[in-house]
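Novice: Attaching a single structure in structure tokens format; questions to follow.
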Amino acid sequence: MKIKTKLNLGVGLLFLMIIILSLISAYSVFLIKIDTQNILKANYNTLEYSRNMLLSLEKISTDKNIDFSVFEKNLKSQMKNATEIGEKNANINLEKKFITLKNDFSNESVKNQIRQDIFEIMKLNMNAIKQKSDVATHTAETANLWIAITGTLCFLIAF
């Protein structure tokens with residue numbers, strides 16, 4: 001075989017290895033992106049709705065219609081956003097207590113129970129964020145391993 005042919009095959013093989021390594025890297029980044037989106041998607045929204053409900057609950061005083069409407073808007077959004085195990089039941093409990101509060105807006109006991117329900121919803125979602133973050137970390141570690149293995153093999157073949 002001629003030297004020029006060997007050189008062309010060698011360069012072609014190097015380009016092929018670079019393409020393989022690039023594809024594995026791109027796929028790994030894509031998987032990490034999906035895991036990250038799963039973390040932020042519904043759980044962040046729930047934390048935002050919960051924060052808004054807590055702030056609204058603190059403002060409930062004489063002008064109950066305005067404050068209740070803000071709370072109610074966030075509660076409705078949260079009811080549509082139940083994505084974690086146990087979150088739907090917690091939302092239903094919260095809704096029942098909110099109805100009770102609308103009938104007696106000065107009842108501090110019901111306000112405290114509502115706070116506890118909101119904290120429970122937040123806890124469920126923070127635990128889910130932790131779990132999904134662990135999955136993303138595992139995906140990143142696996143991606144690093146595959147990239148390192150592929151890179152090492154490409155280096156050995158090229159050498």
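Identifiers for the structure tokens are assigned positionally: chains receive A, B, ... in sequence, residues are indexed from 1 per chain, and ligands are indexed from 1 in the order shown.
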Could you give me, as an MDAnalysis selection string, the residues within 8 Å of stretch 27-44 of chain A, counting only C-alpha atoms and dropping anything in the same chain fewer than 5 positions from it?
Specialist: chainID A and resid 81 83 125:126 128:129 132:133 135:136 139:140 143
Novice: For all heavy atoms, I'd like the residues from the last selection saved as a JSON list (two decimals), in the first residue's frame.
Specialist:
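Wrote it out as selection-v9.json, contents follow:
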```
[["chain", "number", "residue", "atom", "x", "y", "z"],
["A", 81, "ASN", "N", -51.11, 21.51, 38.82],
["A", 81, "ASN", "CA", -49.68, 21.24, 38.74],
["A", 81, "ASN", "C", -49.25, 20.10, 39.66],
["A", 81, "ASN", "O", -48.07, 19.98, 39.98],
["A", 81, "ASN", "CB", -48.91, 22.53, 39.08],
["A", 81, "ASN", "CG", -47.46, 22.42, 38.73],
["A", 81, "ASN", "OD1", -47.10, 21.93, 37.67],
["A", 81, "ASN", "ND2", -46.60, 22.88, 39.63],
["A", 83, "THR", "N", -47.75, 16.99, 40.42],
["A", 83, "THR", "CA", -46.91, 16.06, 39.65],
["A", 83, "THR", "C", -46.24, 15.01, 40.52],
["A", 83, "THR", "O", -45.71, 14.03, 39.99],
["A", 83, "THR", "CB", -45.81, 16.84, 38.91],
["A", 83, "THR", "OG1", -45.06, 17.59, 39.86],
["A", 83, "THR", "CG2", -46.40, 17.77, 37.87],
["A", 125, "ASN", "N", -42.21, 18.62, 46.95],
["A", 125, "ASN", "CA", -41.53, 19.07, 45.74],
["A", 125, "ASN", "C", -40.03, 19.25, 45.94],
["A", 125, "ASN", "O", -39.25, 18.98, 45.03],
["A", 125, "ASN", "CB", -42.18, 20.36, 45.23],
["A", 125, "ASN", "CG", -43.45, 20.06, 44.48],
["A", 125, "ASN", "OD1", -43.42, 19.81, 43.28],
["A", 125, "ASN", "ND2", -44.58, 20.02, 45.18],
["A", 126, "MET", "N", -39.62, 19.68, 47.12],
["A", 126, "MET", "CA", -38.18, 19.79, 47.38],
["A", 126, "MET", "C", -37.53, 18.40, 47.40],
["A", 126, "MET", "O", -36.42, 18.23, 46.91],
["A", 126, "MET", "CB", -37.92, 20.56, 48.66],
["A", 126, "MET", "CG", -38.22, 22.04, 48.50],
["A", 126, "MET", "SD", -37.70, 23.10, 49.86],
["A", 126, "MET", "CE", -38.69, 22.51, 51.21],
["A", 128, "ALA", "N", -38.63, 15.88, 45.67],
["A", 128, "ALA", "CA", -38.60, 15.48, 44.26],
["A", 128, "ALA", "C", -37.44, 16.15, 43.52],
["A", 128, "ALA", "O", -36.77, 15.52, 42.70],
["A", 128, "ALA", "CB", -39.93, 15.82, 43.58],
["A", 129, "ILE", "N", -37.19, 17.42, 43.84],
["A", 129, "ILE", "CA", -36.06, 18.12, 43.23],
["A", 129, "ILE", "C", -34.77, 17.41, 43.60],
["A", 129, "ILE", "O", -33.90, 17.21, 42.75],
["A", 129, "ILE", "CB", -36.03, 19.60, 43.66],
["A", 129, "ILE", "CG1", -37.17, 20.36, 42.99],
["A", 129, "ILE", "CG2", -34.69, 20.25, 43.34],
["A", 129, "ILE", "CD1", -37.38, 21.77, 43.52],
["A", 132, "LYS", "N", -34.55, 14.13, 41.58],
["A", 132, "LYS", "CA", -34.27, 14.40, 40.17],
["A", 132, "LYS", "C", -32.85, 14.93, 39.99],
["A", 132, "LYS", "O", -32.20, 14.65, 38.98],
["A", 132, "LYS", "CB", -35.29, 15.38, 39.60],
["A", 132, "LYS", "CG", -36.68, 14.77, 39.50],
["A", 132, "LYS", "CD", -37.71, 15.80, 39.08],
["A", 132, "LYS", "CE", -39.11, 15.22, 39.08],
["A", 132, "LYS", "NZ", -40.13, 16.21, 38.71],
["A", 133, "SER", "N", -32.38, 15.67, 40.97],
["A", 133, "SER", "CA", -31.00, 16.17, 40.93],
["A", 133, "SER", "C", -30.01, 15.00, 41.03],
["A", 133, "SER", "O", -28.98, 14.99, 40.34],
["A", 133, "SER", "CB", -30.76, 17.16, 42.07],
["A", 133, "SER", "OG", -29.43, 17.59, 42.08],
["A", 135, "VAL", "N", -30.59, 11.99, 39.96],
["A", 135, "VAL", "CA", -30.64, 11.33, 38.65],
["A", 135, "VAL", "C", -29.76, 12.09, 37.66],
["A", 135, "VAL", "O", -29.01, 11.49, 36.89],
["A", 135, "VAL", "CB", -32.10, 11.23, 38.15],
["A", 135, "VAL", "CG1", -32.14, 10.80, 36.69],
["A", 135, "VAL", "CG2", -32.90, 10.26, 39.00],
["A", 136, "ALA", "N", -29.86, 13.42, 37.68],
["A", 136, "ALA", "CA", -29.04, 14.24, 36.77],
["A", 136, "ALA", "C", -27.56, 14.06, 37.06],
["A", 136, "ALA", "O", -26.74, 13.98, 36.14],
["A", 136, "ALA", "CB", -29.45, 15.70, 36.87],
["A", 139, "THR", "N", -26.52, 10.75, 35.68],
["A", 139, "THR", "CA", -26.42, 10.85, 34.22],
["A", 139, "THR", "C", -25.12, 11.53, 33.82],
["A", 139, "THR", "O", -24.43, 11.08, 32.89],
["A", 139, "THR", "CB", -27.62, 11.63, 33.65],
["A", 139, "THR", "OG1", -28.83, 10.95, 34.02],
["A", 139, "THR", "CG2", -27.55, 11.73, 32.14],
["A", 140, "ALA", "N", -24.76, 12.60, 34.52],
["A", 140, "ALA", "CA", -23.51, 13.31, 34.21],
["A", 140, "ALA", "C", -22.29, 12.43, 34.47],
["A", 140, "ALA", "O", -21.34, 12.43, 33.68],
["A", 140, "ALA", "CB", -23.43, 14.59, 35.04],
["A", 143, "ALA", "N", -22.10, 9.90, 31.74],
["A", 143, "ALA", "CA", -21.65, 10.56, 30.51],
["A", 143, "ALA", "C", -20.14, 10.78, 30.54],
["A", 143, "ALA", "O", -19.45, 10.51, 29.55],
["A", 143, "ALA", "CB", -22.37, 11.89, 30.33]]
```
Novice: Find the spatial neighbours of A:Glu72, counting only C-alpha atoms, within a cut-off of 12 Å - ignore same-chain residues fewer than 4 positions away - and output them as an MDAnalysis selection string.
Specialist: chainID A and resid 49:50 52:54 56:57 64:68 76:79 94:99 101:102
Novice: So, with only C-alpha atoms as the atoms that count, which of A:Leu7, A:Ile60, A:Ala82, A:Ile19 lies closest to A:Lys111?
Specialist: A:Ile60
Novice: Do you have the atom CA of A:Met17-atom CA of A:Asn144 distance handy?
Specialist: 16.9 Å
Novice: I'd like the interatomic distance between atom CA of A:Leu153 and atom CA of A:Leu9, to a tenth of an Å.
Specialist: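 Taking atom CA of A:Leu153 and atom CA of A:Leu9, their separation equals 17.5 Å.
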